[in-house]
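Enquirer: Sharing a structure below in structure tokens format, with a few things to ask.
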Amino acid sequence: MKKSLILKHVGSALFILALVTVPVVAFGEEALASPWLDKADGTEVYNSQGVSNIVESFLTFFFGILGFLAVAAFLFGGIMYLLSAGNEKRIESAKGTIMYAILGLIVALLGYVVLQAVTSLVSNTTTGL
């Protein structure tokens, strides 16, 4: 019984992750399909995306997924707390889940801020923060 419940949760998590990542991959393919950019005068210029842009895109995506998972864990902890029915053991478990979800959200936000700060220092430009 418990094993099937765990499999349901893992399957649900994988399904939600697939729903989140499939549109990103589908829309990202168009942007990466051709490295050639058309200028206004009709000539083409090669757009080299460099390793730093690729790493920045990956880390931005990673921190977005991390933030999404932290919010989902926060909601899960809240539902656990509501359904604890006064059971002290379940209440403590729910509080721990909420605490770690908040910690994960803080880590995701700080990681994104650090990424933007490093990117602006390396490229000498300001970002959209």
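Ordered as shown in the structure tokens, chains take letters A, B, and onward, while each chain numbers its residues from 1 and ligands are numbered from 1 in the order shown.
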Env of Leu69 of chain A: 10 Å cut, atoms = only C-alpha atoms, seq-sep filter 2 positions within chain, self excluded. Answer as an NGL selection string.
Expert: :A and (13 or 16-17 or 63-67 or 71-75 or 101 or 104-105 or 108)
Enquirer: As an exercise, work out the distance from atom CA of Val10 of chain A to atom CA of Ser84 of chain A in Å and give it to one decimal place.
Expert: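 The value is 21.7 Å.
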Enquirer: Which value, in Å to one decimal, gives the distance between atom CA of Ile79 of chain A and atom CA of Ser93 of chain A?
Expert: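 Pair atom CA of Ile79 of chain A / atom CA of Ser93 of chain A returns 11.5 Å.
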Enquirer: When you count only C-alpha atoms, which of these residues is closest to Val113 of chain A: A:Asn53, A:Phe76, A:Ile91, A:Leu59?
Expert: A:Leu59
Enquirer: Distance atom CA of Gly77 of chain A-atom CA of Gly96 of chain A, one decimal place?
Expert: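 The value is 8.0 Å.
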Enquirer: Would you list the contacts of Ala94 of chain A as a ChimeraX atom specification, taking every protein, DNA or RNA residue within 8 Å and counting only C-alpha atoms, but skipping same-chain residues closer than 4 positions in sequence?
Expert: /A:77-78,80-81,90,98
Enquirer: Give me the residues near Val122 of chain A as a short mmCIF file (atom, residue, chain, number, x, y, z; two decimals) with N, CA, C and O atoms, in the first residue's frame, where near means some atom within 12 Å (using only C-alpha atoms) and where sequence neighbours in that chain fewer than 6 positions away do not count.
Expert:
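Contents of the output file selection.cif:
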```
data_model
loop_
_atom_site.label_atom_id
_atom_site.label_comp_id
_atom_site.auth_asym_id
_atom_site.auth_seq_id
_atom_site.Cartn_x
_atom_site.Cartn_y
_atom_site.Cartn_z
N SER A 52 28.96 31.30 -22.10
CA SER A 52 28.38 32.01 -20.96
C SER A 52 26.87 32.19 -21.12
O SER A 52 26.12 32.08 -20.14
N ASN A 53 26.39 32.46 -22.33
CA ASN A 53 24.95 32.60 -22.55
C ASN A 53 24.22 31.27 -22.37
O ASN A 53 23.12 31.25 -21.82
N GLU A 56 24.18 30.58 -18.63
CA GLU A 56 23.21 31.47 -17.98
C GLU A 56 21.78 31.00 -18.24
O GLU A 56 20.94 30.98 -17.33
N LEU A 115 23.46 34.81 -9.85
CA LEU A 115 23.67 34.59 -11.28
C LEU A 115 23.58 35.90 -12.05
O LEU A 115 24.43 36.19 -12.90
N GLN A 116 22.58 36.71 -11.77
CA GLN A 116 22.43 37.98 -12.46
C GLN A 116 23.57 38.93 -12.12
O GLN A 116 24.06 39.67 -12.99
#
```
